[in-house]
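Below is one structure, written out as structure tokens, with a few remarks after it.
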Protein chains: 2
Amino acid sequence: MTGPASGEASKADLVHRQLKEEIELGELAPGTPLSELWLVERTGASRTPVREALRRLAAEGLVDLVPRQGARVSRVSLQSVRDLFDFRSLLEPAAIRQATEAATGDPELRRVFATMRSEFARTVRRVPSQARSRAFYELADRFDWAIIGATRNEHLRRTISELRPHTARLRNLSHVDPQRVEVSVAEHLRMCDALLAGDADEAAAAMAEHLAQSLATIFRNLARGPAEGLDLLG
Amino acid sequence: MTGPASGEASKADLVHRQLKEEIELGELAPGTPLSELWLVERTGASRTPVREALRRLAAEGLVDLVPRQGARVSRVSLQSVRDLFDFRSLLEPAAIRQATEAATGDPELRRVFATMRSEFARTVRRVPSQARSRAFYELADRFDWAIIGATRNEHLRRTISELRPHTARLRNLSHVDPQRVEVSVAEHLRMCDALLAGDADEAAAAMAEHLAQSLATIFRNLARGPAEGLDLLG
DNA sequence: TGTATACAAGTTGTATACAGTACCGGCGGC
DNA sequence: GCCGCCGGTACTGTATACAACTTGTATACA
């Protein structure tokens, strides 16, 4: 077999997606060596698509590629976490600003966010605390994607999208803080309210606050508990 | 020959760099089809490194890659220009802000920018207007790189760097406006002064103003003159 | 014992052969 | 005359063979 069928995904796409997911979930821990031959055995594809997948992951920053030496799952340092959140704090407030403006003139989009707002509220009220964090993160993901989707600027959209796997990985590598979920729901409600009210400044401020709180929580947890899979370099 | 010598660049790197430069300079016009075989003939490398170079260029947005169809030099629309400058207006003020803060505590860095400031001033005073625009753009490039280099945040640095080829290409595809150069020098002087004075807000404002003026000039020129190599879709 | 060197294993970088698809032309039917 | 079918061509996607480099280890030597 050599060519992929008509509209289907190429093997390079499949390998790329699989590895990306495994890195996100932490199944492939930071620092894990990724030999091309090993991935060939593992995925069933040949070296060419494996190579392409690795290069793509390297471009996204999920893999560190040393020229004549090989690839490893990229490591996570305190500095990299700071950098990530600083950068998100620059981009995502701008994105929610654009989304707010887009929603102002688009009833359909408003409905989407209104629905999400009620879902956030329900998450706090009705979902048992056991399953709450999972439900919340799923919902928060959808919220983020809705923001991204409502972002007009192509570059902004792409750049934020490429940051998401890093954020997700960070969440999966560290422990979930149940208390954090409660507060984070409130932050999302604030964002929804501002967005639905058409108040772009307030929405942006709410997003900035949300990111600052997320970062603070991560750092608190790291200082307290063990840093599973994290390198404490910075 | 198969492996690259010790510290040398791989063929994929070479092809990538060569194509990037040709696209930047406009020698490969937007929309030009880039068949792998054609590039093999043209560069002397085999398909594997050529493929890798194409994928990399696609990731940078310099090439449009249609799955079973091939690659073309990416097209430039009015919308893409707007998007590019809107995005730069988000990133680069933040970058010069960081650079300003970095320079405050780093005499060596201050010296670099001080030197550049005087070079900008000299460009206006002494360089004959014939060679002025070339000298100016070279200097402006160095200025931009200095800003990028002084940027602490890894993501910010990388993202701005990836935007630069697009900006450069735009400049090379459109006609240079000698009047614009005069004004742009003044804008750069303002940025230098603010940076050296340690006034991050003013530096950021100056950068925003500079970008807005650049965009306005481009649009004015496009409305007036012919749009060489540009698709007027947006 | 410490250092330098040669060897071996494993890895990536590259070239190339093969398989399957999309596009383009001409031809026949309606 | 127009539309749909069909083959040829050129291309991409994939697999694999080969060459060169890097690293680690064992050995010889000072």
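Going by the structure tokens order, chains are called A, B, ..., each with residues numbered from 1, while ligands are numbered from 1 in the order shown.
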
**OP:** Would you kindly return, as a count of residues only, each protein, DNA or RNA residue with an atom no farther than 10 Å from any atom of DT11 of chain C, considering only C-alpha atoms (C1' of nucleotides) and excluding same-chain residues fewer than 4 positions away?
**Re:** 9

**OP:** Up to 10 Å from chain A, what residues of chain B turn up? Count only C-alpha atoms and give them as a PyMOL selection string.
**Re:** chain B and resi 3-4+6-7+9-10+48+51-52+55-56+59-61+67-68+79-80+82-88+90-91+94+152-156+159+163

**OP:** Just give me the gap between atom CA of Thr32 of chain A and atom CA of Pro165 of chain A in Å, one decimal is fine.
**Re:** 17.0 Å

**OP:** Determine which residues of chain C sit within 7 Å of chain A, taking into account only C-alpha atoms (C1' of nucleotides), and present them as a ChimeraX atom specification.
**Re:** /C:11-12,19-20

**OP:** Identify every residue of chain D that has at least one atom within 9 Å of any atom of chain A, counting only C-alpha atoms (C1' of nucleotides), and report the result as a PyMOL selection string.
**Re:** chain D and resi 12-16+21-22

**OP:** For atom CA of His175 of chain B and atom CA of Leu25 of chain B, quote the distance in Å rounded to one decimal.
**Re:** 12.5 Å

**OP:** Within segment 27-132 of chain A, find each residue whose DSSP state, derived from the backbone, is strand (DSSP E or B), and express the selection as a PyMOL selection string.
**Re:** chain A and resi 33-34+63-66+70-73

Original post:
Tell me, which residues of segment 9-233 of chain B carry DSSP alpha helix (DSSP H), written as number ranges by chain?
Top reply: B: 11-25, 36-43, 47-59, 78-104, 107-125, 129-150, 154-173, 178-197, 200-224

Original post:
Between A:Glu27, A:Glu41, A:Asp141, A:Glu209, which one has atoms that come closest to Phe120 of chain A, using only C-alpha atoms?
Top reply: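 The answer is A:Asp141, which sits nearest to Phe120 of chain A.
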
Subject >> Residues near Ile96 of chain B, cut-off 9 Å, only C-alpha atoms (C1' of nucleotides), skip fewer than 3 positions along chain, as a list in words >> reply: Leu91, Glu92, Pro93, Ala99, Thr100, Glu101, Ile147, Ile148, Ala150, Thr151, Met191, Leu195, Ala200, Ala203, Ala204 and Met207 of chain B

Subject >> Surrounding residues of segment 110-118 of chain A excluding itself and chain neighbours under 3 positions, 12 Å, only C-alpha atoms (C1' of nucleotides), as a VMD selection string >> reply: chain A and resid 96 99 to 107 121 to 126 136 138 to 147 149 to 150 185 to 198

Subject >> Within 8 Å of Val176 of chain A using only C-alpha atoms (C1' of nucleotides), minus same-chain residues under 3 positions, as number ranges by chain >> reply: A: 133, 171, 180

Those residues with all heavy atoms, as an mmCIF file, in the first residue's frame please?
data_model
loop_
_atom_site.group_PDB
_atom_site.id
_atom_site.type_symbol
_atom_site.label_atom_id
_atom_site.label_comp_id
_atom_site.auth_asym_id
_atom_site.auth_seq_id
_atom_site.Cartn_x
_atom_site.Cartn_y
_atom_site.Cartn_z
ATOM 1 N N SER A 133 -14.815 17.975 37.734
ATOM 2 C CA SER A 133 -13.659 18.545 37.052
ATOM 3 C C SER A 133 -13.575 18.070 35.607
ATOM 4 O O SER A 133 -13.266 18.851 34.706
ATOM 5 C CB SER A 133 -12.384 18.194 37.810
ATOM 6 O OG SER A 133 -12.265 16.792 37.933
ATOM 7 N N ARG A 171 -1.870 20.563 31.944
ATOM 8 C CA ARG A 171 -2.971 20.193 32.825
ATOM 9 C C ARG A 171 -2.910 18.703 33.145
ATOM 10 O O ARG A 171 -3.119 18.294 34.290
ATOM 11 C CB ARG A 171 -4.293 20.518 32.127
ATOM 12 C CG ARG A 171 -5.505 20.246 32.990
ATOM 13 C CD ARG A 171 -6.766 20.234 32.140
ATOM 14 N NE ARG A 171 -6.944 21.487 31.423
ATOM 15 C CZ ARG A 171 -7.567 21.581 30.249
ATOM 16 N NH1 ARG A 171 -8.020 20.506 29.647
ATOM 17 N NH2 ARG A 171 -7.715 22.750 29.669
ATOM 18 N N ARG A 180 -9.767 24.656 42.571
ATOM 19 C CA ARG A 180 -9.526 25.530 41.424
ATOM 20 C C ARG A 180 -10.717 25.518 40.469
ATOM 21 O O ARG A 180 -11.065 26.530 39.869
ATOM 22 C CB ARG A 180 -8.252 25.089 40.700
ATOM 23 C CG ARG A 180 -7.999 25.732 39.372
ATOM 24 C CD ARG A 180 -7.656 27.208 39.506
ATOM 25 N NE ARG A 180 -7.617 27.860 38.201
ATOM 26 C CZ ARG A 180 -8.140 29.043 37.946
ATOM 27 N NH1 ARG A 180 -8.747 29.714 38.899
ATOM 28 N NH2 ARG A 180 -8.057 29.567 36.746
#

Original post:
Could you name the residues that touch DG28 of chain C at 12 Å or less, counting only C-alpha atoms (C1' of nucleotides), but leaving out those on the same chain fewer than 3 positions away, as a PyMOL selection string?
Top reply: chain D and resi 3-6

Near segment 7-10 of chain D, counting only C-alpha atoms (C1' of nucleotides), which residues have an atom at most 9 Å away, once you skip same-chain residues fewer than 6 positions from it, shown as a tab-separated table (two decimals) with N, CA, C and O atoms (P, O5', C5', C4', C3', O3' and C1' of nucleotides), in the first residue's frame?
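Output file selection25.tsv is given in full below:
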chain	number	residue	atom	x	y	z
C	23	DC	P	-7.88	17.41	-9.13
C	23	DC	O5'	-7.31	17.60	-10.60
C	23	DC	C5'	-5.96	18.06	-10.77
C	23	DC	C4'	-5.52	17.85	-12.20
C	23	DC	C3'	-6.44	18.49	-13.25
C	23	DC	O3'	-5.65	19.25	-14.16
C	23	DC	C1'	-6.03	16.23	-13.79
C	24	DC	P	-6.41	20.29	-15.09
C	24	DC	O5'	-6.11	19.70	-16.55
C	24	DC	C5'	-4.87	19.04	-16.81
C	24	DC	C4'	-4.92	18.34	-18.15
C	24	DC	C3'	-5.87	18.98	-19.17
C	24	DC	O3'	-5.25	19.00	-20.45
C	24	DC	C1'	-6.44	16.71	-18.86
C	25	DG	P	-5.86	19.97	-21.54
C	25	DG	O5'	-6.24	18.92	-22.70
C	25	DG	C5'	-5.20	18.25	-23.41
C	25	DG	C4'	-5.71	16.92	-23.90
C	25	DG	C3'	-6.84	16.99	-24.91
C	25	DG	O3'	-6.29	16.93	-26.25
C	25	DG	C1'	-7.26	15.31	-23.27

**OP:** Rank nothing, just name the residue among B:Val63, B:Ala131, B:Ala95, B:Leu222 nearest to Arg158 of chain B, using only C-alpha atoms.
**Re:**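 Under the stated criterion, the closest residue is B:Ala95.
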
Original post:
atom CA of Asp201 of chain B and atom CA of Phe219 of chain A, how far apart in Å?
Top reply: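 If I compute the distance from atom CA of Phe219 of chain A to atom CA of Asp201 of chain B, I get 28.7 Å.
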
Original post:
Which one of C:DA8, C:DG13, C:DC18, C:DG2 sits closest to DA20 of chain D if you count only C-alpha atoms (C1' of nucleotides)?
Top reply: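 Smallest separation from DA20 of chain D among the options: C:DG13.
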